[in-house]
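Peer 1: What follows is the file final29.txt, containing compact mmCIF, C-alpha atoms:
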```txt
# COMPACT_ATOMS: atom_id res chain seq x y z
CA LEU A 30 51.42 -29.17 -73.35
CA LEU A 31 51.36 -30.48 -69.77
CA ARG A 32 47.76 -29.36 -69.42
CA ARG A 33 46.83 -30.83 -72.81
CA ILE A 34 48.05 -34.28 -71.76
CA ARG A 35 46.25 -33.80 -68.40
CA PHE A 36 49.48 -34.00 -66.39
CA VAL A 37 48.52 -30.76 -64.62
CA GLU A 38 45.33 -28.78 -63.97
CA ALA A 39 44.56 -25.06 -63.75
CA LYS A 40 44.82 -25.19 -59.95
CA ASP A 41 48.48 -26.25 -60.29
CA GLY A 42 49.22 -23.10 -62.27
CA ALA A 43 47.50 -21.01 -59.59
CA PHE A 44 49.70 -22.61 -56.91
CA LEU A 45 52.89 -21.88 -58.87
CA LEU A 46 51.89 -18.23 -59.27
CA LYS A 47 51.27 -17.90 -55.53
CA PHE A 48 54.60 -19.59 -54.72
CA MET A 49 56.41 -17.26 -57.13
CA PHE A 50 54.74 -14.12 -55.79
CA PHE A 51 55.28 -14.81 -52.10
CA ILE A 52 58.65 -16.62 -52.20
CA THR A 53 60.83 -16.26 -55.29
CA LEU A 54 59.91 -12.76 -56.56
CA PRO A 55 60.79 -10.97 -53.26
CA ALA A 56 64.18 -12.71 -53.31
CA MET A 57 64.88 -11.62 -56.89
CA ILE A 58 63.83 -7.99 -56.32
CA PHE A 59 65.82 -7.77 -53.07
CA LEU A 60 69.06 -8.83 -54.76
CA LYS A 61 68.58 -6.56 -57.77
CA LEU A 62 67.93 -3.45 -55.65
CA LEU A 63 71.04 -4.06 -53.55
CA ASP A 64 73.36 -3.58 -56.52
CA ILE A 65 71.79 -0.44 -58.01
CA GLU A 66 73.41 2.95 -57.46
CA LEU A 67 70.72 5.17 -55.93
CA ASP A 68 71.01 8.98 -55.96
CA VAL A 69 68.85 12.07 -56.48
CA LYS A 70 69.11 11.94 -60.28
CA THR A 71 67.79 8.40 -60.49
CA ILE A 72 64.48 9.39 -58.89
CA PHE A 73 63.05 10.12 -62.36
CA PHE A 74 63.14 6.43 -63.31
CA PRO A 75 60.96 4.98 -60.51
CA LEU A 76 58.82 8.13 -60.59
CA SER A 77 58.16 7.51 -64.29
CA GLY A 78 57.13 3.94 -63.52
CA ILE A 79 54.62 5.17 -60.95
CA LEU A 80 53.19 7.93 -63.17
CA VAL A 81 52.79 5.62 -66.18
CA SER A 82 50.84 3.13 -64.07
CA LEU A 83 48.61 5.84 -62.59
CA SER A 84 47.95 7.39 -66.00
CA CYS A 85 46.92 4.03 -67.44
CA MET A 86 44.64 3.55 -64.43
CA VAL A 87 42.80 6.79 -65.20
CA VAL A 88 42.34 5.84 -68.86
CA ALA A 89 41.16 2.33 -67.95
CA LEU A 90 38.61 3.68 -65.46
CA LEU A 91 37.22 6.03 -68.10
CA ALA A 92 37.04 3.18 -70.63
CA LEU A 93 35.21 0.93 -68.14
CA ARG A 94 32.43 3.51 -67.94
CA LEU A 95 31.72 2.95 -71.64
CA ILE A 96 31.59 -0.86 -71.70
CA ARG A 97 29.47 -3.37 -69.82
CA LEU A 98 31.48 -5.85 -67.74
CA ASN A 99 30.88 -7.67 -64.49
CA ARG A 100 32.85 -6.66 -61.43
CA GLN A 101 35.51 -9.38 -61.76
CA GLU A 102 36.09 -8.53 -65.43
CA GLN A 103 36.35 -4.82 -64.58
CA GLY A 104 39.00 -5.54 -61.97
CA THR A 105 40.97 -7.71 -64.39
CA VAL A 106 40.93 -5.03 -67.12
CA LEU A 107 41.94 -2.34 -64.64
CA ILE A 108 44.90 -4.08 -63.03
CA SER A 109 46.09 -5.50 -66.38
CA SER A 110 46.21 -1.97 -67.80
CA MET A 111 48.29 -0.79 -64.84
CA ILE A 112 50.90 -3.53 -64.32
CA LEU A 113 54.01 -3.25 -66.50
CA ASN A 114 56.03 -6.36 -67.30
CA VAL A 115 59.38 -4.61 -67.01
CA GLY A 116 61.05 -7.96 -66.27
CA TYR A 117 60.19 -8.89 -69.87
CA MET A 118 62.45 -6.01 -70.94
CA TYR A 119 65.52 -7.17 -68.98
CA PRO A 120 67.08 -9.43 -71.65
CA PHE A 121 66.41 -6.86 -74.39
CA MET A 122 67.98 -4.03 -72.39
CA LEU A 123 71.00 -6.04 -71.28
CA ALA A 124 71.70 -7.34 -74.79
CA ILE A 125 71.28 -4.01 -76.62
CA TYR A 126 72.14 -1.31 -74.06
CA GLY A 127 74.53 -3.10 -71.69
CA ASP A 128 74.86 -2.70 -67.94
CA GLU A 129 73.88 0.99 -67.90
CA GLY A 130 70.65 0.37 -69.77
CA PHE A 131 69.88 -2.61 -67.57
CA ALA A 132 70.46 -0.54 -64.41
CA TYR A 133 68.08 2.18 -65.64
CA THR A 134 65.50 -0.50 -66.39
CA VAL A 135 65.66 -1.96 -62.89
CA LEU A 136 65.28 1.55 -61.43
CA PHE A 137 62.17 2.10 -63.54
CA ASP A 138 60.92 -1.29 -62.36
CA PHE A 139 61.35 -0.13 -58.75
CA GLY A 140 58.46 2.32 -59.22
CA ASN A 141 56.45 -0.30 -61.06
CA ALA A 142 57.04 -2.81 -58.25
CA LEU A 143 55.95 -0.30 -55.62
CA MET A 144 52.71 0.31 -57.49
CA ALA A 145 52.14 -3.40 -58.11
CA SER A 146 52.68 -4.36 -54.47
CA THR A 147 50.54 -1.57 -53.00
CA VAL A 148 47.93 0.28 -55.07
CA ILE A 149 47.33 -2.40 -57.72
CA TYR A 150 47.31 -5.22 -55.18
CA ALA A 151 44.66 -3.39 -53.13
CA LEU A 152 42.60 -2.61 -56.26
CA ALA A 153 42.56 -6.29 -57.24
CA PHE A 154 40.89 -7.21 -53.95
CA ARG A 155 38.61 -4.17 -54.20
CA TYR A 156 37.08 -5.76 -57.32
CA GLY A 157 37.27 -9.35 -56.05
CA GLU A 158 34.42 -11.58 -54.92
CA GLU A 159 35.13 -11.06 -51.25
CA GLN A 160 34.20 -7.75 -49.67
CA HIS A 161 36.88 -5.89 -47.69
CA THR A 162 36.79 -2.71 -45.62
CA HIS A 163 38.98 0.23 -46.67
CA ILE A 164 41.27 -0.42 -43.69
CA ALA A 165 41.67 -4.06 -44.68
CA LEU A 166 42.52 -3.05 -48.27
CA LEU A 167 45.15 -0.59 -47.04
CA ALA A 168 46.62 -3.16 -44.66
CA LYS A 169 46.91 -5.95 -47.26
CA PRO A 170 50.08 -4.60 -48.94
CA LEU A 171 51.81 -4.46 -45.55
CA LYS A 172 51.50 -8.24 -45.32
CA LEU A 173 53.38 -8.80 -48.57
CA PRO A 174 56.96 -10.11 -48.50
CA LEU A 175 57.52 -8.19 -51.76
CA ILE A 176 56.94 -4.73 -50.26
CA TRP A 177 59.18 -5.49 -47.28
CA SER A 178 61.93 -6.83 -49.54
CA ILE A 179 61.84 -3.55 -51.51
CA LEU A 180 61.94 -1.37 -48.40
CA LEU A 181 64.72 -3.42 -46.79
CA ALA A 182 66.86 -3.51 -49.94
CA VAL A 183 66.55 0.24 -50.54
CA THR A 184 67.40 0.99 -46.90
CA LEU A 185 70.48 -1.23 -46.95
CA ASN A 186 71.52 0.25 -50.28
CA LEU A 187 71.22 3.89 -49.17
CA LEU A 188 73.02 3.20 -45.87
CA SER A 189 75.73 1.17 -47.67
CA VAL A 190 75.20 -1.73 -45.27
CA PRO A 191 76.93 -4.85 -46.61
CA VAL A 192 74.83 -8.00 -46.91
CA PRO A 193 76.66 -11.22 -45.97
CA ASP A 194 77.53 -13.45 -48.91
CA VAL A 195 75.77 -16.40 -47.29
CA ILE A 196 72.45 -14.50 -47.56
CA LYS A 197 73.09 -13.55 -51.18
CA HIS A 198 74.11 -17.09 -52.11
CA THR A 199 70.97 -18.44 -50.44
CA LEU A 200 68.60 -15.99 -52.13
CA GLN A 201 70.19 -16.19 -55.59
CA PRO A 202 68.88 -19.65 -56.61
CA ILE A 203 65.50 -18.88 -55.05
CA GLY A 204 65.13 -15.63 -56.99
CA SER A 205 66.35 -17.20 -60.23
CA MET A 206 63.31 -19.51 -60.22
CA THR A 207 60.94 -16.57 -60.70
CA ILE A 208 60.87 -16.26 -64.51
CA PRO A 209 60.69 -20.04 -65.21
CA LEU A 210 57.90 -20.45 -62.66
CA ILE A 211 55.95 -17.55 -64.17
CA LEU A 212 56.22 -18.98 -67.68
CA ILE A 213 55.25 -22.51 -66.63
CA ALA A 214 52.31 -21.27 -64.54
CA LEU A 215 51.10 -19.00 -67.33
CA GLY A 216 51.31 -21.89 -69.80
CA ILE A 217 49.17 -24.04 -67.50
CA LEU A 218 46.58 -21.29 -67.07
CA THR A 219 46.44 -20.30 -70.75
CA THR A 220 44.34 -21.95 -73.42
CA ALA A 221 45.16 -21.83 -77.13
CA ARG A 222 42.13 -19.66 -77.84
CA LEU A 223 42.04 -16.06 -76.60
CA HIS A 224 38.89 -15.15 -74.72
CA HIS A 225 37.12 -11.74 -74.67
CA LEU A 226 39.15 -10.52 -77.65
CA LYS A 227 37.66 -6.99 -77.55
CA HIS A 228 38.69 -6.57 -73.93
CA VAL A 229 42.16 -7.97 -74.65
CA VAL A 230 42.65 -5.43 -77.46
CA LEU A 231 41.45 -2.61 -75.19
CA VAL A 232 43.98 -3.47 -72.50
CA LEU A 233 46.84 -3.80 -75.01
CA PHE A 234 45.94 -0.40 -76.48
CA ILE A 235 46.06 1.22 -73.03
CA ARG A 236 49.05 -0.65 -71.62
CA MET A 237 51.37 -0.81 -74.65
CA GLY A 238 50.03 1.98 -76.87
CA LEU A 239 49.06 4.83 -74.57
CA GLY A 240 51.70 3.69 -72.09
CA LEU A 241 54.39 4.34 -74.69
CA VAL A 242 53.01 7.81 -75.46
CA ILE A 243 52.91 8.66 -71.74
CA GLY A 244 56.48 7.42 -71.32
CA VAL A 245 57.75 9.61 -74.18
CA LEU A 246 55.96 12.63 -72.71
CA LEU A 247 57.38 12.00 -69.21
CA ALA A 248 60.91 11.53 -70.54
CA THR A 249 60.58 14.82 -72.42
CA VAL A 250 59.17 16.70 -69.41
CA PHE A 251 61.92 15.34 -67.13
CA GLY A 252 64.56 16.43 -69.63
CA LEU A 253 65.94 12.93 -70.19
CA HIS A 254 68.18 12.35 -73.18
CA GLY A 255 69.94 9.50 -74.93
CA LEU A 256 69.79 6.14 -73.20
CA ALA A 257 67.71 7.45 -70.28
CA PHE A 258 65.02 8.68 -72.71
CA ILE A 259 64.99 5.36 -74.56
CA VAL A 260 64.74 3.25 -71.39
CA VAL A 261 61.84 5.22 -69.89
CA SER A 262 59.95 5.20 -73.21
CA LEU A 263 60.52 1.48 -73.84
CA CYS A 264 59.60 0.41 -70.32
CA ALA A 265 56.46 2.55 -70.40
CA GLY A 266 55.30 0.53 -73.42
CA ALA A 267 56.12 -2.84 -71.85
CA PRO A 268 53.65 -5.76 -72.07
CA VAL A 269 51.15 -6.56 -69.34
CA GLY A 270 52.79 -7.79 -66.15
CA PHE A 271 52.55 -11.44 -65.10
CA ASN A 272 51.18 -10.22 -61.77
CA ALA A 273 47.88 -9.52 -63.52
CA ALA A 274 47.34 -13.27 -63.66
CA THR A 275 48.69 -13.74 -60.13
CA TYR A 276 46.40 -11.11 -58.63
CA SER A 277 43.44 -12.46 -60.56
CA VAL A 278 44.03 -15.81 -58.88
CA LEU A 279 44.53 -14.34 -55.40
CA ALA A 280 41.58 -11.91 -55.57
CA LYS A 281 39.29 -14.31 -57.48
CA LEU A 282 38.94 -12.09 -60.54
CA ASP A 283 38.58 -13.37 -64.13
CA VAL A 284 41.67 -15.61 -64.40
CA GLU A 285 40.81 -16.73 -67.94
CA LEU A 286 40.64 -13.12 -69.15
CA ALA A 287 43.85 -12.21 -67.33
CA SER A 288 45.72 -15.15 -68.89
CA SER A 289 44.49 -14.19 -72.36
CA ILE A 290 45.58 -10.58 -71.86
CA VAL A 291 49.05 -11.49 -70.59
CA SER A 292 49.59 -14.09 -73.32
CA ALA A 293 48.52 -11.72 -76.10
CA SER A 294 50.73 -8.93 -74.77
CA ILE A 295 53.78 -11.21 -74.58
CA LEU A 296 53.27 -12.32 -78.19
CA ALA A 297 52.75 -8.72 -79.33
CA GLY A 298 55.88 -7.67 -77.45
CA LEU A 299 58.05 -10.03 -79.50
CA ILE A 300 57.43 -7.78 -82.52
CA TYR A 301 56.56 -4.48 -80.82
CA ILE A 302 59.61 -4.09 -78.55
CA PRO A 303 62.34 -4.74 -81.17
CA LEU A 304 60.51 -2.36 -83.53
CA LEU A 305 60.49 0.38 -80.88
CA MET A 306 64.21 -0.15 -80.32
CA GLN A 307 64.75 0.79 -83.96
CA VAL A 308 62.49 3.86 -83.86
CA LEU A 309 63.14 5.48 -80.46
CA PRO A 310 66.82 6.38 -80.98
CA SER A 311 65.78 8.71 -83.81
CA LEU A 312 63.45 10.56 -81.43
CA THR A 313 66.26 11.34 -79.01
CA VAL A 314 68.15 13.38 -81.61
CA MET A 315 65.15 15.43 -82.75
```
The structure in this file should be written as structure tokens.
Peer 2:
Amino acid sequence: LLRRIRFVEAKDGAFLLKFMFFITLPAMIFLKLLDIELDVKTIFFPLSGILVSLSCMVVALLALRLIRLNRQEQGTVLISSMILNVGYMYPFMLAIYGDEGFAYTVLFDFGNALMASTVIYALAFRYGEEQHTHIALLAKPLKLPLIWSILLAVTLNLLSVPVPDVIKHTLQPIGSMTIPLILIALGILTTARLHHLKHVVLVLFIRMGLGLVIGVLLATVFGLHGLAFIVVSLCAGAPVGFNAATYSVLAKLDVELASSIVSASILAGLIYIPLLMQVLPSLTVM
């Protein structure tokens, strides 16, 4: 609406995405990882997040060999297929499965966040307009506040080092801005008409369709049951992550295509996720 009445422009949405990615998201992830109980058994959740992303990457690369796209479009399709919007699942998990389900979801998101802030981030710039050496691509993730917030939070958590309340109280309002900023920025960058519909459908099939199948297979192989099985399966079929749009802005990929993909996946998720919540429990007792 703000863009329709010309109160804002596309560049304003791009700025909000950058501000969210470099400032508010690291604060939110840092606080969430501090409160999670980490042990050997929980390794299957972040590991599943990593394996789902990598599997979708392989499928997307194979699909890109069969269709004709320019380099920026290829990069957008690839990273959109890999990034999971696990944050989209948070309210569903908390409302239906309580604190335990929510904790499992955040653990799964840990693996997703590691992939998003390292491999996927580097891939976005690999397909961008600007050319980078392999060393520069490897070094880029090390400059991200997000990756350092993850490493610091996990270290403090494992060592049981208490974080002063003044730091938590400072970061809390900053981190809580993340979701509203993402939604506002995405609204500014999105038009009412979806572009490149065939490519949008392809990404949704890989990310939400095949992703779900891969998640079910991983949960079965890892011997997960009950709530753990449901969480891994649901998160594996999550919509496309908002970072697809953010990275498309930062790496100068096809922002219009990325916005269409993210918007379509969010709308599909409103029907798809509640439906899966009805079906998946029956699979755990088979």
Peer 1: Which value, in Å to one decimal, gives the distance between CA of Val230 in chain A and CA of Ser84 in chain A?
Peer 2: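 Computing it gives 18.0 Å between the two atoms.
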Peer 1: Let me make sure I understand: among A:Leu136, A:Ile259, A:Leu143, A:Leu309, which one has the smallest atom-to-atom distance to Ile72 in chain A if we use only C-alpha atoms?
Peer 2: A:Leu136
Peer 1: Quick one: distance from CA of Leu54 in chain A to CA of Pro120 in chain A in Å, one decimal?
Peer 2: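 If I compute the distance from CA of Leu54 in chain A to CA of Pro120 in chain A, I get 17.0 Å.
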Peer 1: Hey, which of A:Gln103, A:Thr71, A:Ser109, A:Thr53 ends up closest to Thr134 in chain A? Count only C-alpha atoms.
Peer 2: A:Thr71
Peer 1: In Å, with one decimal, what is the gap from CA of Phe234 in chain A to CA of Gln101 in chain A?
Peer 2: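 Answer for the CA of Phe234 in chain A to CA of Gln101 in chain A separation: 20.2 Å.
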Peer 1: Please provide the set of residues having any atom within 12 Å of range 126-132 of chain A, restricted to all atoms listed in the file, with same-chain residues fewer than 5 positions apart removed, written as a tab-separated table (two decimals) with C-alpha atoms, in the coordinates of the input.
Peer 2:
```
chain	number	residue	atom	x	y	z
A	61	LYS	CA	68.58	-6.56	-57.77
A	62	LEU	CA	67.93	-3.45	-55.65
A	63	LEU	CA	71.04	-4.06	-53.55
A	64	ASP	CA	73.36	-3.58	-56.52
A	65	ILE	CA	71.79	-0.44	-58.01
A	66	GLU	CA	73.41	2.95	-57.46
A	67	LEU	CA	70.72	5.17	-55.93
A	71	THR	CA	67.79	8.40	-60.49
A	74	PHE	CA	63.14	6.43	-63.31
A	75	PRO	CA	60.96	4.98	-60.51
A	115	VAL	CA	59.38	-4.61	-67.01
A	116	GLY	CA	61.05	-7.96	-66.27
A	117	TYR	CA	60.19	-8.89	-69.87
A	118	MET	CA	62.45	-6.01	-70.94
A	119	TYR	CA	65.52	-7.17	-68.98
A	120	PRO	CA	67.08	-9.43	-71.65
A	121	PHE	CA	66.41	-6.86	-74.39
A	137	PHE	CA	62.17	2.10	-63.54
A	138	ASP	CA	60.92	-1.29	-62.36
A	139	PHE	CA	61.35	-0.13	-58.75
A	255	GLY	CA	69.94	9.50	-74.93
A	256	LEU	CA	69.79	6.14	-73.20
A	257	ALA	CA	67.71	7.45	-70.28
A	258	PHE	CA	65.02	8.68	-72.71
A	259	ILE	CA	64.99	5.36	-74.56
A	260	VAL	CA	64.74	3.25	-71.39
A	261	VAL	CA	61.84	5.22	-69.89
A	263	LEU	CA	60.52	1.48	-73.84
A	264	CYS	CA	59.60	0.41	-70.32
A	306	MET	CA	64.21	-0.15	-80.32
A	310	PRO	CA	66.82	6.38	-80.98
```
Peer 1: Let me make sure I understand: among A:Val291, A:Leu113, A:Ala297, A:Ala182, which one has the smallest atom-to-atom distance to Gly78 in chain A if we use all atoms listed in the file?
Peer 2: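 Distance minimum relative to Gly78 in chain A lands on A:Leu113.
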